[in-house]
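File shown: work.cif (mmCIF, C-alpha atoms and all ligand atoms).
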```cif
data_run
#
loop_
_atom_site.group_PDB
_atom_site.id
_atom_site.type_symbol
_atom_site.label_atom_id
_atom_site.label_comp_id
_atom_site.auth_asym_id
_atom_site.auth_seq_id
_atom_site.Cartn_x
_atom_site.Cartn_y
_atom_site.Cartn_z
ATOM 1 C CA MET A 18 -72.436 71.137 -6.663
ATOM 2 C CA ALA A 19 -75.512 73.336 -6.446
ATOM 3 C CA VAL A 20 -78.815 71.652 -7.185
ATOM 4 C CA GLN A 21 -79.943 72.718 -10.650
ATOM 5 C CA PRO A 22 -83.536 73.750 -11.284
ATOM 6 C CA THR A 23 -85.816 71.214 -12.938
ATOM 7 C CA VAL A 24 -86.355 71.994 -16.607
ATOM 8 C CA VAL A 25 -88.593 69.091 -17.597
ATOM 9 C CA GLU A 26 -90.922 67.221 -15.256
ATOM 10 C CA VAL A 27 -92.894 64.333 -16.719
ATOM 11 C CA ALA A 28 -95.246 62.683 -14.207
ATOM 12 C CA GLN A 29 -97.151 59.444 -14.769
ATOM 13 C CA VAL A 30 -97.706 60.062 -18.438
ATOM 14 C CA ASN A 31 -99.711 57.596 -20.509
ATOM 15 C CA LYS A 32 -100.408 57.942 -24.201
ATOM 16 C CA LEU A 33 -103.037 55.945 -26.019
ATOM 17 C CA PHE A 34 -103.493 56.513 -29.756
ATOM 18 C CA GLY A 35 -107.049 55.623 -30.720
ATOM 19 C CA ASP A 36 -109.652 53.993 -28.513
ATOM 20 C CA VAL A 37 -109.359 51.813 -25.446
ATOM 21 C CA GLY A 38 -109.250 48.176 -26.544
ATOM 22 C CA THR A 39 -108.422 48.779 -30.204
ATOM 23 C CA GLY A 40 -105.904 51.640 -30.005
ATOM 24 C CA THR A 41 -102.133 51.639 -29.467
ATOM 25 C CA LEU A 42 -100.834 52.221 -25.979
ATOM 26 C CA ALA A 43 -97.612 54.020 -26.885
ATOM 27 C CA LEU A 44 -96.444 55.168 -23.442
ATOM 28 C CA GLN A 45 -97.210 53.749 -20.037
ATOM 29 C CA ASP A 46 -96.557 55.427 -16.720
ATOM 30 C CA ILE A 47 -93.589 57.570 -17.740
ATOM 31 C CA SER A 48 -92.125 59.700 -14.972
ATOM 32 C CA LEU A 49 -88.916 61.581 -15.569
ATOM 33 C CA SER A 50 -87.330 64.664 -14.095
ATOM 34 C CA ILE A 51 -84.560 66.486 -15.956
ATOM 35 C CA ALA A 52 -82.442 69.212 -14.378
ATOM 36 C CA GLN A 53 -80.924 72.213 -16.070
ATOM 37 C CA GLY A 54 -77.708 71.379 -17.874
ATOM 38 C CA GLU A 55 -78.327 67.649 -18.197
ATOM 39 C CA PHE A 56 -77.759 65.779 -21.440
ATOM 40 C CA VAL A 57 -80.320 63.004 -21.396
ATOM 41 C CA SER A 58 -80.564 60.439 -24.168
ATOM 42 C CA VAL A 59 -83.574 58.235 -24.727
ATOM 43 C CA VAL A 60 -82.882 54.855 -26.329
ATOM 44 C CA GLY A 61 -85.164 51.965 -27.146
ATOM 45 C CA PRO A 62 -86.340 49.788 -30.018
ATOM 46 C CA SER A 63 -88.231 51.295 -32.936
ATOM 47 C CA GLY A 64 -91.881 51.958 -32.089
ATOM 48 C CA CYS A 65 -91.332 52.095 -28.315
ATOM 49 C CA GLY A 66 -92.608 55.657 -28.042
ATOM 50 C CA LYS A 67 -89.433 57.775 -28.072
ATOM 51 C CA SER A 68 -90.773 60.296 -30.575
ATOM 52 C CA THR A 69 -94.132 60.306 -28.806
ATOM 53 C CA LEU A 70 -92.457 61.191 -25.515
ATOM 54 C CA LEU A 71 -90.485 64.021 -27.097
ATOM 55 C CA ARG A 72 -93.593 65.353 -28.861
ATOM 56 C CA ILE A 73 -95.506 65.350 -25.600
ATOM 57 C CA VAL A 74 -92.742 67.365 -23.895
ATOM 58 C CA ALA A 75 -92.886 69.761 -26.867
ATOM 59 C CA ASP A 76 -96.699 70.038 -26.638
ATOM 60 C CA LEU A 77 -97.043 68.830 -30.217
ATOM 61 C CA ILE A 78 -99.362 66.103 -28.930
ATOM 62 C CA ALA A 79 -101.192 65.809 -25.617
ATOM 63 C CA PRO A 80 -100.755 62.948 -23.147
ATOM 64 C CA SER A 81 -103.838 60.793 -22.458
ATOM 65 C CA SER A 82 -103.145 61.193 -18.754
ATOM 66 C CA GLY A 83 -100.398 62.489 -16.512
ATOM 67 C CA SER A 84 -98.723 65.884 -16.515
ATOM 68 C CA VAL A 85 -95.795 67.627 -18.165
ATOM 69 C CA ARG A 86 -94.091 70.788 -16.916
ATOM 70 C CA VAL A 87 -91.403 72.570 -18.919
ATOM 71 C CA MET A 88 -89.449 75.414 -17.290
ATOM 72 C CA GLU A 89 -91.941 75.263 -14.436
ATOM 73 C CA LYS A 90 -94.878 76.036 -16.737
ATOM 74 C CA SER A 91 -97.301 73.941 -18.716
ATOM 75 C CA ALA A 92 -95.779 72.408 -21.854
ATOM 76 C CA HIS A 93 -98.284 74.504 -23.802
ATOM 77 C CA GLN A 94 -97.066 77.778 -22.302
ATOM 78 C CA ALA A 95 -93.443 76.738 -22.864
ATOM 79 C CA ARG A 96 -94.239 76.174 -26.540
ATOM 80 C CA LEU A 97 -95.884 79.587 -26.832
ATOM 81 C CA ASP A 98 -92.873 81.155 -25.116
ATOM 82 C CA ARG A 99 -90.524 79.305 -27.510
ATOM 83 C CA ASP A 100 -88.581 77.869 -24.609
ATOM 84 C CA TYR A 101 -87.205 74.987 -26.640
ATOM 85 C CA GLY A 102 -85.796 74.148 -30.043
ATOM 86 C CA PHE A 103 -86.930 70.951 -31.763
ATOM 87 C CA VAL A 104 -84.968 68.992 -34.338
ATOM 88 C CA PHE A 105 -87.068 66.341 -36.055
ATOM 89 C CA GLN A 106 -85.966 63.032 -37.522
ATOM 90 C CA ALA A 107 -86.379 64.390 -41.043
ATOM 91 C CA PRO A 108 -85.365 67.929 -42.081
ATOM 92 C CA THR A 109 -88.221 70.435 -41.984
ATOM 93 C CA LEU A 110 -87.105 73.386 -44.078
ATOM 94 C CA LEU A 111 -89.342 75.786 -45.969
ATOM 95 C CA GLU A 112 -88.849 75.025 -49.666
ATOM 96 C CA TRP A 113 -89.286 78.630 -50.792
ATOM 97 C CA ARG A 114 -86.624 80.077 -48.499
ATOM 98 C CA THR A 115 -82.886 79.752 -48.960
ATOM 99 C CA VAL A 116 -80.803 77.943 -46.356
ATOM 100 C CA LEU A 117 -79.782 81.221 -44.707
ATOM 101 C CA LYS A 118 -83.387 82.510 -44.739
ATOM 102 C CA ASN A 119 -84.545 79.265 -43.169
ATOM 103 C CA VAL A 120 -82.037 79.561 -40.336
ATOM 104 C CA GLU A 121 -82.909 83.232 -39.843
ATOM 105 C CA LEU A 122 -86.637 82.561 -39.609
ATOM 106 C CA PRO A 123 -86.975 81.920 -35.848
ATOM 107 C CA LEU A 124 -84.599 84.819 -35.216
ATOM 108 C CA GLU A 125 -86.782 87.115 -37.286
ATOM 109 C CA ILE A 126 -89.866 85.999 -35.408
ATOM 110 C CA MET A 127 -88.326 86.389 -31.981
ATOM 111 C CA HIS A 128 -85.880 89.229 -32.245
ATOM 112 C CA GLY A 129 -86.387 90.949 -35.569
ATOM 113 C CA ALA A 130 -83.684 90.408 -38.177
ATOM 114 C CA THR A 131 -80.998 92.523 -36.486
ATOM 115 C CA ALA A 132 -77.336 92.398 -37.476
ATOM 116 C CA ASP A 133 -76.432 90.469 -34.307
ATOM 117 C CA TRP A 134 -78.897 87.729 -35.017
ATOM 118 C CA LYS A 135 -78.008 87.585 -38.682
ATOM 119 C CA ALA A 136 -74.404 87.070 -37.617
ATOM 120 C CA ARG A 137 -75.565 84.249 -35.388
ATOM 121 C CA ALA A 138 -77.335 82.485 -38.265
ATOM 122 C CA VAL A 139 -74.125 82.711 -40.286
ATOM 123 C CA GLU A 140 -72.120 81.346 -37.347
ATOM 124 C CA MET A 141 -74.465 78.378 -36.903
ATOM 125 C CA LEU A 142 -74.323 77.551 -40.616
ATOM 126 C CA GLU A 143 -70.563 77.578 -40.436
ATOM 127 C CA MET A 144 -70.684 75.283 -37.427
ATOM 128 C CA VAL A 145 -72.646 72.682 -39.380
ATOM 129 C CA GLY A 146 -70.372 73.089 -42.411
ATOM 130 C CA LEU A 147 -72.839 74.889 -44.684
ATOM 131 C CA GLN A 148 -71.010 78.205 -45.015
ATOM 132 C CA ASP A 149 -70.893 77.844 -48.802
ATOM 133 C CA PHE A 150 -74.612 77.110 -49.177
ATOM 134 C CA HIS A 151 -76.350 80.202 -47.758
ATOM 135 C CA HIS A 152 -78.173 80.973 -50.983
ATOM 136 C CA HIS A 153 -79.103 77.449 -51.990
ATOM 137 C CA TYR A 154 -82.655 76.206 -51.683
ATOM 138 C CA PRO A 155 -83.405 73.022 -49.702
ATOM 139 C CA TRP A 156 -84.001 70.971 -52.870
ATOM 140 C CA GLN A 157 -80.459 71.774 -53.984
ATOM 141 C CA LEU A 158 -78.987 70.042 -50.921
ATOM 142 C CA SER A 159 -78.561 66.397 -49.944
ATOM 143 C CA GLY A 160 -80.755 65.014 -47.134
ATOM 144 C CA GLY A 161 -77.851 65.165 -44.694
ATOM 145 C CA MET A 162 -77.152 68.803 -45.577
ATOM 146 C CA GLN A 163 -80.826 69.691 -45.127
ATOM 147 C CA GLN A 164 -80.744 68.047 -41.714
ATOM 148 C CA ARG A 165 -77.661 70.047 -40.754
ATOM 149 C CA ALA A 166 -79.486 73.227 -41.802
ATOM 150 C CA SER A 167 -82.420 72.195 -39.556
ATOM 151 C CA ILE A 168 -79.996 71.730 -36.661
ATOM 152 C CA ALA A 169 -78.431 75.150 -37.321
ATOM 153 C CA ARG A 170 -81.915 76.678 -37.268
ATOM 154 C CA ALA A 171 -82.797 75.038 -33.922
ATOM 155 C CA LEU A 172 -79.530 76.226 -32.374
ATOM 156 C CA ALA A 173 -79.656 79.720 -33.845
ATOM 157 C CA PHE A 174 -82.227 81.201 -31.514
ATOM 158 C CA ASP A 175 -80.325 79.789 -28.561
ATOM 159 C CA PRO A 176 -83.087 77.914 -26.693
ATOM 160 C CA ALA A 177 -82.316 76.805 -23.135
ATOM 161 C CA LEU A 178 -83.843 73.414 -23.932
ATOM 162 C CA LEU A 179 -83.144 71.408 -27.061
ATOM 163 C CA LEU A 180 -85.280 68.430 -28.036
ATOM 164 C CA MET A 181 -83.649 66.312 -30.729
ATOM 165 C CA ASP A 182 -85.300 63.289 -32.336
ATOM 166 C CA GLU A 183 -82.665 61.092 -33.994
ATOM 167 C CA PRO A 184 -81.148 64.215 -35.537
ATOM 168 C CA PHE A 185 -78.059 62.509 -36.937
ATOM 169 C CA GLY A 186 -79.722 59.325 -38.202
ATOM 170 C CA ALA A 187 -79.412 60.268 -41.868
ATOM 171 C CA LEU A 188 -75.805 61.476 -41.695
ATOM 172 C CA ASP A 189 -72.756 59.495 -42.746
ATOM 173 C CA GLU A 190 -70.514 58.203 -39.947
ATOM 174 C CA PHE A 191 -67.843 60.925 -40.251
ATOM 175 C CA THR A 192 -70.300 63.795 -40.289
ATOM 176 C CA ARG A 193 -72.198 62.204 -37.441
ATOM 177 C CA GLU A 194 -69.106 61.974 -35.230
ATOM 178 C CA ARG A 195 -68.190 65.555 -36.021
ATOM 179 C CA MET A 196 -71.740 66.720 -35.240
ATOM 180 C CA ASN A 197 -71.609 64.776 -31.945
ATOM 181 C CA LEU A 198 -68.491 66.698 -30.928
ATOM 182 C CA GLU A 199 -69.933 70.041 -32.055
ATOM 183 C CA LEU A 200 -73.147 69.416 -30.171
ATOM 184 C CA LEU A 201 -71.189 68.609 -26.998
ATOM 185 C CA ARG A 202 -69.105 71.732 -27.448
ATOM 186 C CA ILE A 203 -72.241 73.880 -27.717
ATOM 187 C CA TRP A 204 -73.868 72.121 -24.788
ATOM 188 C CA GLU A 205 -70.816 72.580 -22.548
ATOM 189 C CA ARG A 206 -70.386 76.202 -23.533
ATOM 190 C CA THR A 207 -74.006 77.243 -23.153
ATOM 191 C CA HIS A 208 -75.282 75.018 -20.299
ATOM 192 C CA LYS A 209 -78.286 73.981 -22.346
ATOM 193 C CA THR A 210 -80.500 71.103 -21.359
ATOM 194 C CA LEU A 211 -80.739 68.412 -23.981
ATOM 195 C CA ILE A 212 -83.123 65.552 -24.570
ATOM 196 C CA PHE A 213 -81.749 63.456 -27.376
ATOM 197 C CA VAL A 214 -83.501 60.470 -28.936
ATOM 198 C CA THR A 215 -81.301 57.959 -30.695
ATOM 199 C CA HIS A 216 -81.253 54.278 -31.499
ATOM 200 C CA SER A 217 -77.468 54.241 -31.460
ATOM 201 C CA ILE A 218 -76.216 53.003 -28.096
ATOM 202 C CA PRO A 219 -72.609 54.213 -28.642
ATOM 203 C CA GLU A 220 -73.921 57.658 -29.603
ATOM 204 C CA ALA A 221 -76.048 57.817 -26.440
ATOM 205 C CA VAL A 222 -73.116 56.795 -24.241
ATOM 206 C CA PHE A 223 -70.736 59.202 -25.932
ATOM 207 C CA LEU A 224 -73.001 62.212 -25.543
ATOM 208 C CA SER A 225 -75.079 61.805 -22.425
ATOM 209 C CA SER A 226 -74.877 62.401 -18.733
ATOM 210 C CA ARG A 227 -77.847 60.021 -18.301
ATOM 211 C CA ILE A 228 -79.495 57.447 -20.530
ATOM 212 C CA VAL A 229 -83.165 56.561 -20.319
ATOM 213 C CA VAL A 230 -83.688 53.010 -21.605
ATOM 214 C CA MET A 231 -87.224 52.263 -22.760
ATOM 215 C CA THR A 232 -89.034 48.953 -23.129
ATOM 216 C CA PRO A 233 -90.722 47.801 -26.349
ATOM 217 C CA ARG A 234 -94.329 48.974 -26.730
ATOM 218 C CA PRO A 235 -95.989 50.060 -24.587
ATOM 219 C CA GLY A 236 -92.992 52.241 -23.812
ATOM 220 C CA LYS A 237 -92.077 52.236 -20.162
ATOM 221 C CA ILE A 238 -88.832 53.315 -18.572
ATOM 222 C CA ALA A 239 -86.775 50.158 -18.062
ATOM 223 C CA ALA A 240 -83.768 51.865 -16.484
ATOM 224 C CA VAL A 241 -82.036 55.199 -16.151
ATOM 225 C CA ILE A 242 -78.287 54.747 -16.476
ATOM 226 C CA PRO A 243 -75.915 57.512 -15.337
ATOM 227 C CA VAL A 244 -72.890 57.941 -17.605
ATOM 228 C CA ASP A 245 -69.812 58.673 -15.504
ATOM 229 C CA LEU A 246 -67.405 59.408 -18.364
ATOM 230 C CA PRO A 247 -65.730 62.778 -17.740
ATOM 231 C CA TYR A 248 -66.424 65.797 -19.952
ATOM 232 C CA PRO A 249 -65.111 67.155 -22.227
ATOM 233 C CA ARG A 250 -65.428 63.995 -24.278
ATOM 234 C CA THR A 251 -63.058 63.419 -27.152
ATOM 235 C CA PHE A 252 -62.238 60.828 -29.765
ATOM 236 C CA GLU A 253 -60.240 59.012 -27.065
ATOM 237 C CA THR A 254 -63.404 58.691 -24.944
ATOM 238 C CA ARG A 255 -64.763 56.237 -27.500
ATOM 239 C CA GLU A 256 -61.700 54.053 -27.020
ATOM 240 C CA SER A 257 -61.764 53.919 -23.211
ATOM 241 C CA SER A 258 -62.685 50.699 -21.437
ATOM 242 C CA ARG A 259 -65.365 52.509 -19.398
ATOM 243 C CA PHE A 260 -67.031 53.568 -22.649
ATOM 244 C CA PHE A 261 -67.275 49.930 -23.771
ATOM 245 C CA GLU A 262 -68.536 48.836 -20.346
ATOM 246 C CA LEU A 263 -71.331 51.399 -20.488
ATOM 247 C CA VAL A 264 -72.262 50.447 -24.052
ATOM 248 C CA THR A 265 -72.513 46.833 -22.848
ATOM 249 C CA THR A 266 -74.628 47.818 -19.822
ATOM 250 C CA VAL A 267 -77.126 49.680 -22.009
ATOM 251 C CA ARG A 268 -77.172 46.881 -24.577
ATOM 252 C CA GLU A 269 -77.790 44.216 -21.905
ATOM 253 C CA THR A 270 -80.599 46.281 -20.388
ATOM 254 C CA LEU A 271 -82.265 46.601 -23.786
ATOM 255 C CA LYS A 272 -81.787 42.916 -24.516
ATOM 256 C CA GLU A 273 -83.367 41.889 -21.219
ATOM 257 C CA GLU A 274 -86.380 44.039 -21.990
ATOM 258 C CA PHE A 275 -86.657 42.673 -25.486
ATOM 259 C CA VAL A 276 -86.408 39.018 -24.445
ATOM 260 C CA GLY A 277 -88.776 39.719 -21.545
ATOM 261 C CA SER A 278 -91.442 41.166 -23.825
ATOM 262 C CA ALA A 279 -91.029 38.325 -26.384
ATOM 263 C CA VAL A 280 -91.685 35.791 -23.601
ATOM 264 C CA VAL A 281 -94.792 37.705 -22.545
ATOM 265 C CA SER A 282 -96.200 37.871 -26.100
ATOM 266 C CA ALA A 283 -95.403 34.162 -26.649
ATOM 267 C CA GLY A 284 -97.401 33.457 -23.480
ATOM 268 C CA VAL A 285 -100.367 35.463 -24.747
ATOM 269 C CA VAL A 286 -100.302 33.629 -28.098
ATOM 270 C CA SER A 287 -100.321 30.157 -26.523
ATOM 271 C CA GLU A 288 -103.065 31.203 -24.112
ATOM 272 C CA GLY A 289 -105.200 32.362 -27.048
ATOM 273 C CA GLU A 290 -104.660 29.076 -28.860
ATOM 274 C CA ALA A 291 -105.480 26.943 -25.847
HETATM 275 N N1 LIG B 301 -100.221 59.776 -34.580
HETATM 276 C C1 LIG B 301 -100.245 58.483 -34.286
HETATM 277 N N2 LIG B 301 -101.387 57.766 -34.424
HETATM 278 C C2 LIG B 301 -101.439 56.453 -34.112
HETATM 279 N N3 LIG B 301 -100.391 55.760 -33.648
HETATM 280 C C3 LIG B 301 -99.221 56.401 -33.491
HETATM 281 C C4 LIG B 301 -99.082 57.789 -33.801
HETATM 282 N N4 LIG B 301 -97.805 58.168 -33.532
HETATM 283 C C5 LIG B 301 -97.181 57.063 -33.082
HETATM 284 N N5 LIG B 301 -98.026 56.002 -33.057
HETATM 285 C C6 LIG B 301 -97.695 54.652 -32.592
HETATM 286 O O1 LIG B 301 -97.152 54.746 -31.281
HETATM 287 C C7 LIG B 301 -96.041 53.879 -31.145
HETATM 288 C C8 LIG B 301 -94.808 54.664 -30.769
HETATM 289 O O2 LIG B 301 -94.408 55.434 -31.887
HETATM 290 P P1 LIG B 301 -93.126 56.387 -31.859
HETATM 291 O O3 LIG B 301 -93.215 57.288 -30.689
HETATM 292 O O4 LIG B 301 -93.025 57.021 -33.205
HETATM 293 O O5 LIG B 301 -91.940 55.343 -31.641
HETATM 294 P P2 LIG B 301 -90.357 55.528 -31.792
HETATM 295 O O6 LIG B 301 -90.065 56.956 -32.005
HETATM 296 O O7 LIG B 301 -89.776 54.971 -30.524
HETATM 297 O O8 LIG B 301 -89.937 54.678 -32.965
HETATM 298 C C9 LIG B 301 -95.927 53.117 -32.460
HETATM 299 O O9 LIG B 301 -96.612 51.900 -32.334
HETATM 300 C C10 LIG B 301 -96.620 54.015 -33.439
HETATM 301 O O10 LIG B 301 -97.176 53.278 -34.498
HETATM 302 MG MG MG B 302 -89.161 57.993 -33.554
#
```

What do you get writing this file as structure tokens?
Ligand SMILES: Nc1ncnc2c1ncn2[C@@H]1O[C@H](COP(=O)(O)OP(=O)(O)O)[C@@H](O)[C@H]1O
Ligand SMILES: [Mg+2]
Amino acid sequence: MAVQPTVVEVAQVNKLFGDVGTGTLALQDISLSIAQGEFVSVVGPSGCGKSTLLRIVADLIAPSSGSVRVMEKSAHQARLDRDYGFVFQAPTLLEWRTVLKNVELPLEIMHGATADWKARAVEMLEMVGLQDFHHHYPWQLSGGMQQRASIARALAFDPALLLMDEPFGALDEFTRERMNLELLRIWERTHKTLIFVTHSIPEAVFLSSRIVVMTPRPGKIAAVIPVDLPYPRTFETRESSRFFELVTTVRETLKEEFVGSAVVSAGVVSEGEA
């Protein structure tokens, strides 16, 4: 297979919120290289810096040290060039625009609201099951529906790189599984590169070609686990023995990190008391 170009290059990134000594070290020495067409999930306990990492790649916050390149440019330039779509944990729709107008917004900005792009907004809304809600306002939808509209908006302008921060966390199990399959279908069809944050291990295994396992704070990379399940993945994938083995591998890796860090903090406590 031909070597794919690198889409995201994170090198020795540290992120400290606040001041040295009193602040929170959220990320420590993160280096990660992601090639075009990869589906990389990031898993780790709450507060380990997953969102921070994604926001740094998106140039929404700056690293304290280290460097980030996106599409072989600075993360800042990539943001200006709208090289990626970002789906946040919570839906981020404009309250005064209808669902359809929300999804059309990036298309309007980038391409002008031409018929082709309008058709694409409609197609994306259908994909996420909101075809009957074009003219509703965000407040008229459930949280899950608003999140699906946010996903449709991120997909609509067809970015080569998609950054998704626990996008399906608020969805019910059925919708979530359907969205997993739809996302894979889009990814396979369009050769996008995906970085997907989740705290669901089965979801990470089901979707990804690689899984980045992070340690509790300060977030470091504990392991990068390749997922050798064949694509296209189906409902049967979730029932295969390899699927369960991989889920166990990721879980054990996380558990080791968690126990490891608990031992370290226990040590610090007893030292302080001595
Ligand atoms: N803007 C911020 N200011 C101060 N601390 C922050 C900020 N954003 C995140 N943190 C802290 O950094 C750590 C990592 O947060 P986050 O990246 O949101 O974790 P995760 O997404 O893995 O749950 C947490 O301890 C969090 O409190
Ligand atoms: Mg988060």

Within 6 Å of ligand LIG 301 (chain B), counting all atoms listed in the file: which residues, as a ChimeraX atom specification?
/A:34,43,63-69

Keeping only C-alpha atoms, write those residues as a short mmCIF file (atom, residue, chain, number, x, y, z; two decimals), in the coordinates of the input.
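The resulting file, part-v1.cif, is reproduced below:
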```
data_model
loop_
_atom_site.label_atom_id
_atom_site.label_comp_id
_atom_site.auth_asym_id
_atom_site.auth_seq_id
_atom_site.Cartn_x
_atom_site.Cartn_y
_atom_site.Cartn_z
CA PHE A 34 -103.49 56.51 -29.76
CA ALA A 43 -97.61 54.02 -26.88
CA SER A 63 -88.23 51.30 -32.94
CA GLY A 64 -91.88 51.96 -32.09
CA CYS A 65 -91.33 52.10 -28.32
CA GLY A 66 -92.61 55.66 -28.04
CA LYS A 67 -89.43 57.78 -28.07
CA SER A 68 -90.77 60.30 -30.58
CA THR A 69 -94.13 60.31 -28.81
#
```

What does the distance from atom CA of A:Arg170 to atom CA of A:Gly61 come to in Å, to one decimal?
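One can read the atom CA of A:Arg170 to atom CA of A:Gly61 distance as 26.9 Å.
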
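For the set A:Met141, A:Leu271, A:Met196, A:Val229, the residue with the smallest atom-to-atom gap to A:Ala169 is A:Met141, counting only C-alpha atoms.
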
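Here the PyMOL selection byres (((chain A and resi 104) around 9) and not hetatm) captures the residues Gly102, Phe103, Phe105, Gln106, Ala107, Pro108, Thr109, Gln164, Ser167, Ile168, Arg170, Ala171, Leu179, Leu180, Met181, Asp182, Glu183 and Pro184 of chain A.
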
Using all atoms listed in the file, pick whichever of A:Asp100, A:Glu143, A:Glu112, A:Glu121 has the shortest atom-to-atom distance to A:Gln163.
A:Glu112

Contacts of A:Ser225 at 10 Å (only C-alpha atoms; same-chain gap of 5+ positions) as a VMD selection string
chain A and resid 55 to 59 201 211 to 213 220 242 to 246 248

For atom CA of A:Glu253 and atom CA of A:Gly161, the interatomic separation in Å (one decimal)
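Distance reported for this atom pair: 25.7 Å.
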
Out of A:Leu97, A:Ala166, A:Val214, A:Leu49, which residue has the shortest atom-to-atom distance to ligand MG 302 (chain B) when counting all atoms listed in the file?
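Nearest candidate to ligand MG 302 (chain B) out of A:Leu97, A:Ala166, A:Val214, A:Leu49: A:Val214.
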
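Of note, atom CA of A:Ile47 and atom CA of A:Ala239 are spaced 10.1 Å apart.
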
Evaluate the PyMOL selection byres (((chain A and resi 79) around 10) and not hetatm) against this structure - the residues, as a count of residues only, please.
20

Here is a test: counting only C-alpha atoms, which residue of A:Thr210, A:Ser258, A:Ser159, A:Thr131 is nearest to A:Asp189?
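Closest residue, counting only C-alpha atoms: A:Ser159.
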
Counting all atoms listed in the file, the option among A:Phe191, A:Gln29, A:Pro62, A:Glu273 closest to ligand MG 302 (chain B)
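Among A:Phe191, A:Gln29, A:Pro62, A:Glu273, it is A:Pro62 that comes nearest to ligand MG 302 (chain B).
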